[in-house]
>>> print(open('upload_33.cif').read())   # mmCIF, C-alpha atoms
data_final
#
loop_
_atom_site.label_atom_id
_atom_site.label_comp_id
_atom_site.auth_asym_id
_atom_site.auth_seq_id
_atom_site.Cartn_x
_atom_site.Cartn_y
_atom_site.Cartn_z
CA MET D 9 127.37 104.60 79.18
CA ILE D 10 124.16 106.53 78.46
CA LEU D 11 123.53 108.41 75.20
CA ALA D 12 120.73 110.98 75.37
CA VAL D 13 118.86 111.39 72.08
CA ASP D 14 116.49 114.26 71.32
CA ALA D 15 113.67 112.14 69.90
CA MET D 16 111.66 115.16 68.72
CA GLY D 17 114.46 116.94 66.82
CA GLY D 18 114.59 116.84 63.02
CA ASP D 19 112.34 117.02 59.97
CA ALA D 20 111.31 113.37 60.29
CA ALA D 21 111.08 113.17 64.09
CA PRO D 22 110.08 111.25 66.06
CA ASP D 23 109.56 108.31 63.66
CA GLU D 24 112.97 108.24 62.01
CA VAL D 25 114.84 109.22 65.19
CA VAL D 26 113.24 106.39 67.15
CA ARG D 27 113.93 103.93 64.31
CA GLY D 28 117.54 105.09 64.20
CA ALA D 29 117.93 104.64 67.95
CA TYR D 30 116.36 101.19 67.72
CA LEU D 31 118.83 100.21 64.99
CA ALA D 32 121.75 101.59 67.01
CA LEU D 33 120.94 99.23 69.89
CA THR D 34 122.16 96.32 67.77
CA ARG D 35 125.57 97.99 67.30
CA THR D 36 126.35 99.47 70.70
CA SER D 37 126.61 98.35 74.31
CA ALA D 38 125.60 101.81 75.53
CA ARG D 39 122.12 102.56 76.83
CA ILE D 40 120.06 104.94 74.70
CA LEU D 41 117.80 107.45 76.42
CA LEU D 42 115.06 108.76 74.11
CA ILE D 43 113.76 112.13 75.30
CA GLY D 44 110.48 113.60 74.12
CA ASP D 45 106.73 113.08 74.10
CA GLU D 46 106.37 109.63 75.65
CA LYS D 47 103.15 108.71 73.84
CA LYS D 48 104.53 109.67 70.43
CA ILE D 49 107.75 107.77 71.08
CA HIS D 50 105.87 104.61 72.11
CA ARG D 51 103.79 104.78 68.92
CA CYS D 52 107.01 104.65 66.88
CA LEU D 53 108.38 101.58 68.66
CA PRO D 54 107.63 98.01 67.57
CA ALA D 55 104.83 96.29 69.44
CA GLY D 56 105.71 94.61 72.72
CA PRO D 57 108.23 95.52 75.42
CA HIS D 58 111.07 97.71 74.22
CA PRO D 59 114.66 96.39 74.40
CA PRO D 60 116.46 96.50 77.76
CA GLY D 61 119.02 99.01 76.47
CA LEU D 62 116.37 101.60 75.60
CA ASP D 63 114.89 104.09 78.06
CA ILE D 64 112.37 106.89 77.60
CA LEU D 65 112.24 110.21 79.44
CA HIS D 66 109.15 112.32 78.95
CA ALA D 67 109.49 115.96 77.84
CA PRO D 68 106.23 117.59 76.74
CA HIS D 69 107.54 120.35 74.45
CA THR D 70 109.34 120.38 71.10
CA VAL D 71 111.59 123.05 69.59
CA GLY D 72 110.50 123.51 65.99
CA MET D 73 113.02 123.60 63.16
CA GLY D 74 111.95 127.09 62.10
CA GLU D 75 111.76 128.67 65.54
CA ILE D 76 114.31 131.13 66.91
CA GLY D 77 116.55 129.00 69.12
CA PRO D 78 117.34 131.02 72.29
CA ARG D 79 113.87 132.59 72.44
CA VAL D 80 111.92 129.36 72.07
CA LEU D 81 114.02 127.60 74.72
CA ARG D 82 112.75 130.08 77.28
CA LYS D 83 109.15 129.60 76.20
CA LYS D 84 109.07 125.84 75.76
CA THR D 85 110.19 124.43 79.07
CA PRO D 86 110.86 121.58 79.40
CA SER D 87 111.58 120.72 75.78
CA SER D 88 113.12 117.47 74.56
CA LEU D 89 116.30 119.33 73.60
CA SER D 90 116.73 121.23 76.86
CA VAL D 91 116.10 118.09 78.92
CA ALA D 92 118.68 116.15 76.88
CA ILE D 93 121.32 118.85 77.44
CA GLN D 94 120.44 119.01 81.15
CA GLN D 95 120.92 115.26 81.44
CA LEU D 96 124.42 115.73 80.06
CA ALA D 97 125.13 118.71 82.34
CA GLN D 98 124.02 116.75 85.41
CA GLY D 99 126.14 113.72 84.53
CA SER D 100 123.10 111.52 83.91
CA ALA D 101 124.17 111.08 80.26
CA ASP D 102 127.56 110.82 78.58
CA ALA D 103 126.69 112.45 75.25
CA VAL D 104 123.78 114.13 73.45
CA VAL D 105 122.56 113.62 69.87
CA SER D 106 120.03 115.90 68.18
CA ALA D 107 118.95 116.48 64.59
CA GLY D 108 116.89 119.46 65.69
CA ASN D 109 117.14 123.23 65.47
CA SER D 110 120.91 123.90 65.38
CA ALA D 111 120.61 127.43 66.80
CA ALA D 112 118.67 126.04 69.76
CA ILE D 113 121.18 123.22 70.25
CA VAL D 114 124.06 125.71 70.35
CA ALA D 115 122.19 128.03 72.72
CA ALA D 116 121.19 125.25 75.12
CA ALA D 117 124.63 123.64 75.14
CA THR D 118 126.40 126.97 75.68
CA HIS D 119 124.05 127.95 78.51
CA ASP D 120 123.93 124.64 80.38
CA LEU D 121 127.41 123.23 79.71
CA GLY D 122 129.50 126.38 79.40
CA LEU D 123 132.49 126.99 77.13
CA LEU D 124 136.20 126.32 77.42
CA PRO D 125 138.13 129.10 79.23
CA GLY D 126 138.79 132.05 76.94
CA LEU D 127 136.47 130.82 74.18
CA LYS D 128 133.84 133.21 72.84
CA ARG D 129 131.55 130.61 71.26
CA PRO D 130 131.49 126.99 69.99
CA ALA D 131 131.70 125.75 66.40
CA LEU D 132 130.45 122.78 64.40
CA VAL D 133 132.98 120.73 62.46
CA ALA D 134 131.97 118.54 59.50
CA ALA D 135 134.15 116.12 57.53
CA ILE D 136 134.28 116.32 53.73
CA PRO D 137 135.93 113.61 51.57
CA SER D 138 138.67 114.99 49.34
CA HIS D 139 141.25 113.69 46.86
CA ASN D 140 143.60 113.23 49.81
CA GLY D 141 141.61 112.03 52.81
CA LEU D 142 139.11 114.06 54.83
CA VAL D 143 138.99 117.84 54.99
CA HIS D 144 137.25 119.29 58.04
CA LEU D 145 135.00 122.32 57.62
CA ALA D 146 134.29 124.67 60.52
CA ASP D 147 132.10 126.46 61.34
CA ALA D 148 129.55 124.21 59.60
CA GLY D 149 126.49 126.10 60.82
CA ALA D 150 126.59 126.94 64.53
CA HIS D 151 126.65 130.71 63.86
CA THR D 152 125.76 132.59 60.69
CA GLN D 153 128.02 135.60 61.32
CA SER D 154 131.56 135.81 62.63
CA GLN D 155 134.06 138.39 63.78
CA SER D 156 137.81 137.97 63.30
CA LEU D 157 138.24 136.60 66.84
CA HIS D 158 135.57 133.94 66.24
CA LEU D 159 137.29 132.72 63.08
CA ALA D 160 140.72 132.65 64.73
CA GLN D 161 139.44 130.75 67.77
CA THR D 162 137.55 128.28 65.58
CA LEU D 163 140.81 127.47 63.81
CA CYS D 164 142.39 126.76 67.20
CA LEU D 165 139.52 124.43 68.12
CA VAL D 166 139.94 122.53 64.86
CA LEU D 167 143.70 122.14 65.37
CA SER D 168 143.11 120.64 68.81
CA TYR D 169 140.31 118.41 67.46
CA LEU D 170 142.54 117.02 64.72
CA GLN D 171 145.40 116.42 67.14
CA HIS D 172 143.29 114.54 69.67
CA ARG D 173 140.76 112.84 67.40
CA HIS D 174 142.88 111.95 64.39
CA LYS D 175 146.30 111.90 66.09
CA MET D 176 147.74 114.50 63.72
CA GLU D 177 150.93 115.92 65.18
CA HIS D 178 150.99 118.99 62.92
CA PRO D 179 147.53 119.49 61.35
CA ARG D 180 147.22 122.05 58.56
CA ALA D 181 144.31 124.51 58.71
CA GLY D 182 143.58 127.71 56.83
CA LEU D 183 140.95 130.43 56.43
CA LEU D 184 138.56 130.20 53.47
CA ASN D 185 139.02 133.25 51.25
CA LEU D 186 138.60 134.30 47.62
CA GLY D 187 142.36 134.55 47.10
CA ARG D 188 145.62 133.60 48.78
CA GLU D 189 147.18 137.07 48.71
CA ALA D 190 147.32 138.96 52.03
CA THR D 191 145.32 141.87 50.58
CA LYS D 192 142.41 139.72 49.31
CA GLY D 193 139.04 139.19 50.94
CA PRO D 194 136.89 140.88 53.60
CA LYS D 195 138.61 142.70 56.45
CA VAL D 196 137.20 140.25 59.02
CA ILE D 197 139.10 137.38 57.35
CA ARG D 198 142.30 139.38 56.90
CA ASP D 199 142.14 140.46 60.55
CA ALA D 200 141.63 136.84 61.64
CA ALA D 201 144.83 135.86 59.83
CA THR D 202 146.70 138.73 61.52
CA LEU D 203 145.36 137.69 64.92
CA LEU D 204 146.56 134.13 64.39
CA THR D 205 150.02 135.30 63.34
CA GLN D 206 150.37 137.69 66.27
CA ALA D 207 149.26 134.96 68.71
CA SER D 208 151.79 132.51 67.19
CA VAL D 209 149.09 130.06 66.09
CA PRO D 210 150.28 127.87 63.18
CA HIS D 211 148.05 128.21 60.12
CA GLN D 212 148.17 127.89 56.36
CA GLY D 213 146.96 131.41 55.61
CA PHE D 214 144.14 131.64 53.08
CA VAL D 215 142.58 128.69 51.25
CA GLU D 216 140.53 129.10 48.08
CA ALA D 217 137.34 127.08 47.60
CA HIS D 218 138.67 125.05 44.68
CA GLN D 219 141.49 123.75 46.91
CA ILE D 220 139.16 122.13 49.45
CA LEU D 221 138.53 118.91 47.54
CA LEU D 222 142.20 118.58 46.63
CA GLY D 223 142.97 117.86 50.28
CA ASN D 224 145.97 120.18 50.50
CA VAL D 225 144.91 121.12 54.04
CA ASN D 226 143.27 119.16 56.85
CA ALA D 227 140.78 121.87 57.79
CA VAL D 228 139.18 125.02 56.39
CA VAL D 229 137.63 127.70 58.62
CA CYS D 230 134.85 130.13 57.66
CA ASP D 231 131.70 131.60 59.18
CA GLY D 232 128.76 129.28 59.79
CA PHE D 233 126.56 130.69 57.03
CA LEU D 234 129.16 130.10 54.34
CA GLY D 235 130.23 126.78 55.86
CA ASN D 236 126.70 125.40 55.97
CA ALA D 237 125.91 126.62 52.46
CA LEU D 238 129.15 125.10 51.12
CA LEU D 239 128.42 121.80 52.86
CA LYS D 240 124.92 121.62 51.37
CA LEU D 241 126.25 122.55 47.94
CA LEU D 242 128.73 119.67 48.07
CA GLU D 243 125.98 117.33 49.26
CA GLY D 244 123.89 118.40 46.26
CA VAL D 245 126.80 117.91 43.86
CA GLY D 246 127.38 114.43 45.26
CA GLU D 247 123.70 113.56 44.91
CA ALA D 248 123.58 114.90 41.33
CA LEU D 249 126.63 112.85 40.36
CA ARG D 250 125.12 109.70 41.86
CA LEU D 251 121.85 110.26 39.97
CA SER D 252 123.76 110.88 36.75
CA ARG D 253 125.81 107.71 37.14
CA ASN D 254 122.70 105.74 37.96
CA ALA D 255 120.91 107.06 34.87
CA GLN D 256 123.87 105.98 32.73
CA GLY D 257 123.79 102.52 34.25
CA ARG D 258 127.15 103.06 35.95
CA SER D 259 127.93 102.02 39.49
CA HIS D 260 127.52 104.81 42.03
CA GLU D 261 128.81 102.80 44.97
CA SER D 262 132.39 104.01 44.66
CA GLY D 263 134.30 107.23 44.08
CA TRP D 264 133.80 110.69 45.51
CA PRO D 265 129.96 110.75 45.34
CA ALA D 266 129.73 107.59 47.43
CA ARG D 267 132.28 108.93 49.92
CA MET D 268 130.35 112.21 50.16
CA ALA D 269 127.16 110.24 50.86
CA ALA D 270 128.95 108.28 53.58
CA ALA D 271 130.25 111.50 55.14
CA GLN D 272 126.66 112.72 55.49
CA LEU D 273 125.81 109.70 57.62
CA SER D 274 127.60 110.99 60.71
CA GLY D 275 126.72 113.98 62.82
CA ALA D 276 128.92 117.02 63.42
CA PRO D 277 130.56 117.50 66.84
CA LEU D 278 129.99 120.84 68.54
CA LEU D 279 133.50 121.91 69.55
CA GLY D 280 134.27 124.13 72.52
CA LEU D 281 132.39 122.22 75.23
CA ASP D 282 133.81 119.83 77.82
CA ARG D 283 131.20 117.16 76.97
CA PRO D 284 130.19 115.65 73.62
CA VAL D 285 127.22 117.07 71.71
CA ILE D 286 126.55 115.74 68.20
CA VAL D 287 124.37 117.70 65.76
CA ALA D 288 122.89 115.49 63.05
CA HIS D 289 121.54 116.77 59.74
CA GLY D 290 117.98 118.11 60.02
CA ARG D 291 116.98 115.82 57.12
CA SER D 292 118.37 112.74 58.86
CA ARG D 293 116.58 109.44 58.44
CA ALA D 294 117.10 106.33 60.54
CA PRO D 295 120.54 105.36 59.13
CA GLU D 296 121.90 108.87 59.69
CA VAL D 297 120.52 108.95 63.23
CA THR D 298 122.08 105.55 63.93
CA ASN D 299 125.49 106.73 62.77
CA ALA D 300 125.23 109.98 64.73
CA ILE D 301 124.51 107.94 67.87
CA LEU D 302 127.48 105.67 67.21
CA GLU D 303 129.68 108.73 66.60
CA ALA D 304 128.54 110.17 69.93
CA GLU D 305 129.48 106.91 71.64
CA ARG D 306 132.95 106.96 70.06
CA LEU D 307 133.59 110.54 71.16
CA ALA D 308 132.35 109.78 74.67
CA ARG D 309 134.53 106.67 74.99
CA GLU D 310 137.56 108.54 73.64
CA ARG D 311 136.81 111.40 76.07
CA LEU D 312 137.57 113.78 73.22
CA ALA D 313 135.78 116.79 74.70
CA GLN D 314 137.54 116.31 78.03
CA LYS D 315 140.92 115.98 76.29
CA MET D 316 140.34 119.22 74.41
CA ALA D 317 139.23 120.92 77.64
CA ALA D 318 142.51 119.85 79.26
CA ASP D 319 144.62 120.92 76.26
CA GLU D 320 146.96 123.56 77.71
CA GLU D 321 148.15 124.71 74.30
CA LEU D 322 144.55 125.26 73.21
CA LYS D 323 143.87 127.27 76.37
CA ARG D 324 146.98 129.39 75.76
CA ARG D 325 146.00 130.09 72.17
CA LEU D 326 142.40 130.98 72.98
CA THR D 327 143.50 133.36 75.74
CA ALA D 328 146.25 134.92 73.60
CA LEU D 329 143.79 135.57 70.77
CA ARG D 330 141.23 137.10 73.12
CA ASN D 331 143.87 139.35 74.72
CA GLN D 332 145.16 140.47 71.32
CA ASP D 333 141.62 141.20 70.16
CA THR D 334 141.02 143.29 73.31
CA LEU D 335 144.16 145.31 72.64
CA TRP D 336 142.95 145.93 69.09
CA ARG D 337 139.58 147.15 70.33
CA LEU D 338 141.13 149.43 72.93
CA GLY D 339 143.42 150.86 70.27
CA ARG D 340 140.48 151.55 67.96
CA TRP D 341 138.54 153.27 70.75
CA ARG D 342 141.59 155.31 71.67
CA ARG D 343 142.01 156.51 68.11
CA ARG D 344 138.30 157.25 67.84
CA TRP D 345 138.26 159.35 71.02
CA LYS D 346 141.42 161.15 69.88
CA SER D 347 139.71 161.99 66.61
CA ILE D 348 136.63 163.26 68.44
CA GLY D 349 138.83 165.37 70.73
CA SER D 350 140.70 166.87 67.80
CA LYS D 351 137.44 167.74 66.09
CA ALA D 352 136.15 169.40 69.27
CA GLU D 353 139.30 171.53 69.53
CA THR D 354 138.91 172.58 65.89
CA ASP D 355 135.28 173.54 66.47
CA LYS D 356 136.27 175.75 69.42
CA GLY D 357 138.32 177.92 67.11
CA GLY D 358 135.13 179.30 65.61
CA GLY D 359 134.23 180.04 62.04
CA PRO D 360 135.49 182.81 59.76
#
>>> encode(input="upload_33.cif", output="structure tokens")
Amino acid sequence: MILAVDAMGGDAAPDEVVRGAYLALTRTSARILLIGDEKKIHRCLPAGPHPPGLDILHAPHTVGMGEIGPRVLRKKTPSSLSVAIQQLAQGSADAVVSAGNSAAIVAAATHDLGLLPGLKRPALVAAIPSHNGLVHLADAGAHTQSQSLHLAQTLCLVLSYLQHRHKMEHPRAGLLNLGREATKGPKVIRDAATLLTQASVPHQGFVEAHQILLGNVNAVVCDGFLGNALLKLLEGVGEALRLSRNAQGRSHESGWPARMAAAQLSGAPLLGLDRPVIVAHGRSRAPEVTNAILEAERLARERLAQKMAADEELKRRLTALRNQDTLWRLGRWRRRWKSIGSKAETDKGGGP
């Protein structure tokens, strides 16, 4: 098994990424392929010959964290990220790990790997510790804006992920909203709930933010902007609680803050592809990179992406949602043209 790692992706790349890959070699039997500027990578490695399980593939360009993903991928060819994704697309690697520009990761993976049939776009899923096990948050930052179809399809992806990854027979997922009543919240969220109901997709309706940490559901779905902001807020709360406990001389190695810190150590899978891509936190240091690599190995060995791609119920739901959304759009256009026609007929009648 070969795990391709974007050595130049992340705020602390390549130093911390290379260190993380080096540490991962002691905990995995897979080969690790570091992709990036060969000279810079070698400078980060310990002196002497590198371990037999570590390979380096040169890629001269780097996608910056603040650059616009799709645009920079066309300019910077070959970049460490694009080469890593191409290795996965060609079958030369079994999974990809990157802590780089998430928009660029999503764009490259979508372009080179393609999406599941009927799916409009992929989504990131992140695990959050709650009072009752893990709650999965999606989209955790793949896209900053969403339409009702995107939200509904993301919920379907999460249901399939929970069934295949965590062996949940009947996972519970809902849409994040400011109230549980059917009339509450933005139209895009209310329409997503209607789409799910009309396509016979099981869901828990609306979930309020204060319910997330109670663990009443297994997954919460929202747009990527809100999901990423919520995730970072919870990370900050966990860090503040740990600092407070430490200042009071109390142990901070147990309880929710410690579990939140542990949850940050793994990367987030990009759902909707037929091969595993793990997006690590942009602030990742060596331990986080190590855990993201080990997570990528687990997903590759479990063949999770392939199982989701072969999930007939997921395919049916994605297609049903897309068809229902198309009917909605046609209906809206029909009503709009009817209104325009009626106005034209009125205008023909002339003024007084």
>>> resolve_selection(input="upload_33.cif", expression="the PyMOL selection byres ((chain D and resi 184) around 8)", output="JSON, numbers by chain")
{"D": [182, 183, 185, 186, 214, 215, 216, 217, 228, 229, 230]}
>>> resolve_selection(input="upload_33.cif", expression="the PyMOL selection byres ((chain D and resi 317-333) around 9)", output="ChimeraX atom specification")
/D:124-128,156-157,160-161,164-165,167-168,203-204,206-209,280-283,312-316,334-338
>>> atom_distance(input="upload_33.cif", atom1="atom CA of Gly149 of chain D", atom2="atom CA of Asn236 of chain D")
4.9 Å
>>> residues_near_point(input="upload_33.cif", point="(116.7, 111.6, 66.0)", cutoff="9 Å", atoms="all atoms listed in the file", output="NGL selection string")
:D and (13-18 or 20-29 or 42 or 105-108 or 288 or 290 or 292-294 or 296-298 or 300-301)
>>> resolve_selection(input="upload_33.cif", expression="the PyMOL selection byres ((chain D and resi 239) around 12)", output="ChimeraX atom specification")
/D:132-137,143-149,217,220-221,228,230,232-238,240-246,268-269,271-272,276,289
>>> atom_distance(input="upload_33.cif", atom1="atom CA of Ile93 of chain D", atom2="atom CA of Arg129 of chain D")
16.8 Å
>>> residues_around(input="upload_33.cif", residues="segment 88-92 of chain D", least_positions_apart="2", cutoff="7 Å", atoms="all atoms listed in the file", output="PyMOL selection string")
chain D and resi 12-14+16+43-44+67+69-70+86+94-96+104+116
>>> atom_distance(input="upload_33.cif", atom1="atom CA of Arg39 of chain D", atom2="atom CA of Glu305 of chain D")
10.0 Å
>>> residues_near_point(input="upload_33.cif", point="(146.5, 113.3, 61.8)", cutoff="12 Å", atoms="only C-alpha atoms", output="count of residues only")
23
>>> decode(input="upload_33.cif", residues="segment 125-136 of chain D", atoms="N, CA and C atoms", output="PDB file, in the first residue's frame")
ATOM      1  N   PRO D 125     -21.920   8.891  -9.136  1.00  0.00           N
ATOM      2  CA  PRO D 125     -23.018   9.191 -10.064  1.00  0.00           C
ATOM      3  C   PRO D 125     -24.152   9.944  -9.371  1.00  0.00           C
ATOM      4  N   GLY D 126     -24.578  11.034  -9.989  1.00  0.00           N
ATOM      5  CA  GLY D 126     -25.689  11.813  -9.445  1.00  0.00           C
ATOM      6  C   GLY D 126     -25.304  12.861  -8.436  1.00  0.00           C
ATOM      7  N   LEU D 127     -24.057  12.840  -7.958  1.00  0.00           N
ATOM      8  CA  LEU D 127     -23.616  13.780  -6.923  1.00  0.00           C
ATOM      9  C   LEU D 127     -23.163  15.092  -7.549  1.00  0.00           C
ATOM     10  N   LYS D 128     -23.584  16.205  -6.937  1.00  0.00           N
ATOM     11  CA  LYS D 128     -23.202  17.520  -7.453  1.00  0.00           C
ATOM     12  C   LYS D 128     -21.808  17.941  -6.999  1.00  0.00           C
ATOM     13  N   ARG D 129     -21.440  17.623  -5.746  1.00  0.00           N
ATOM     14  CA  ARG D 129     -20.120  18.006  -5.264  1.00  0.00           C
ATOM     15  C   ARG D 129     -19.810  17.255  -3.969  1.00  0.00           C
ATOM     16  N   PRO D 130     -18.523  17.123  -3.621  1.00  0.00           N
ATOM     17  CA  PRO D 130     -18.132  16.366  -2.416  1.00  0.00           C
ATOM     18  C   PRO D 130     -18.304  17.190  -1.149  1.00  0.00           C
ATOM     19  N   ALA D 131     -18.059  16.560  -0.005  1.00  0.00           N
ATOM     20  CA  ALA D 131     -18.177  17.242   1.289  1.00  0.00           C
ATOM     21  C   ALA D 131     -17.168  16.665   2.264  1.00  0.00           C
ATOM     22  N   LEU D 132     -16.678  17.525   3.148  1.00  0.00           N
ATOM     23  CA  LEU D 132     -15.772  17.090   4.213  1.00  0.00           C
ATOM     24  C   LEU D 132     -16.574  16.730   5.455  1.00  0.00           C
ATOM     25  N   VAL D 133     -16.183  15.647   6.117  1.00  0.00           N
ATOM     26  CA  VAL D 133     -16.867  15.251   7.347  1.00  0.00           C
ATOM     27  C   VAL D 133     -15.844  15.198   8.479  1.00  0.00           C
ATOM     28  N   ALA D 134     -16.163  15.882   9.579  1.00  0.00           N
ATOM     29  CA  ALA D 134     -15.279  15.925  10.750  1.00  0.00           C
ATOM     30  C   ALA D 134     -16.016  15.373  11.961  1.00  0.00           C
ATOM     31  N   ALA D 135     -15.292  14.683  12.828  1.00  0.00           N
ATOM     32  CA  ALA D 135     -15.884  14.081  14.026  1.00  0.00           C
ATOM     33  C   ALA D 135     -15.697  15.001  15.230  1.00  0.00           C
ATOM     34  N   ILE D 136     -16.776  15.189  15.986  1.00  0.00           N
ATOM     35  CA  ILE D 136     -16.754  16.030  17.185  1.00  0.00           C
ATOM     36  C   ILE D 136     -17.167  15.178  18.382  1.00  0.00           C
TER      37      ILE D 136
END
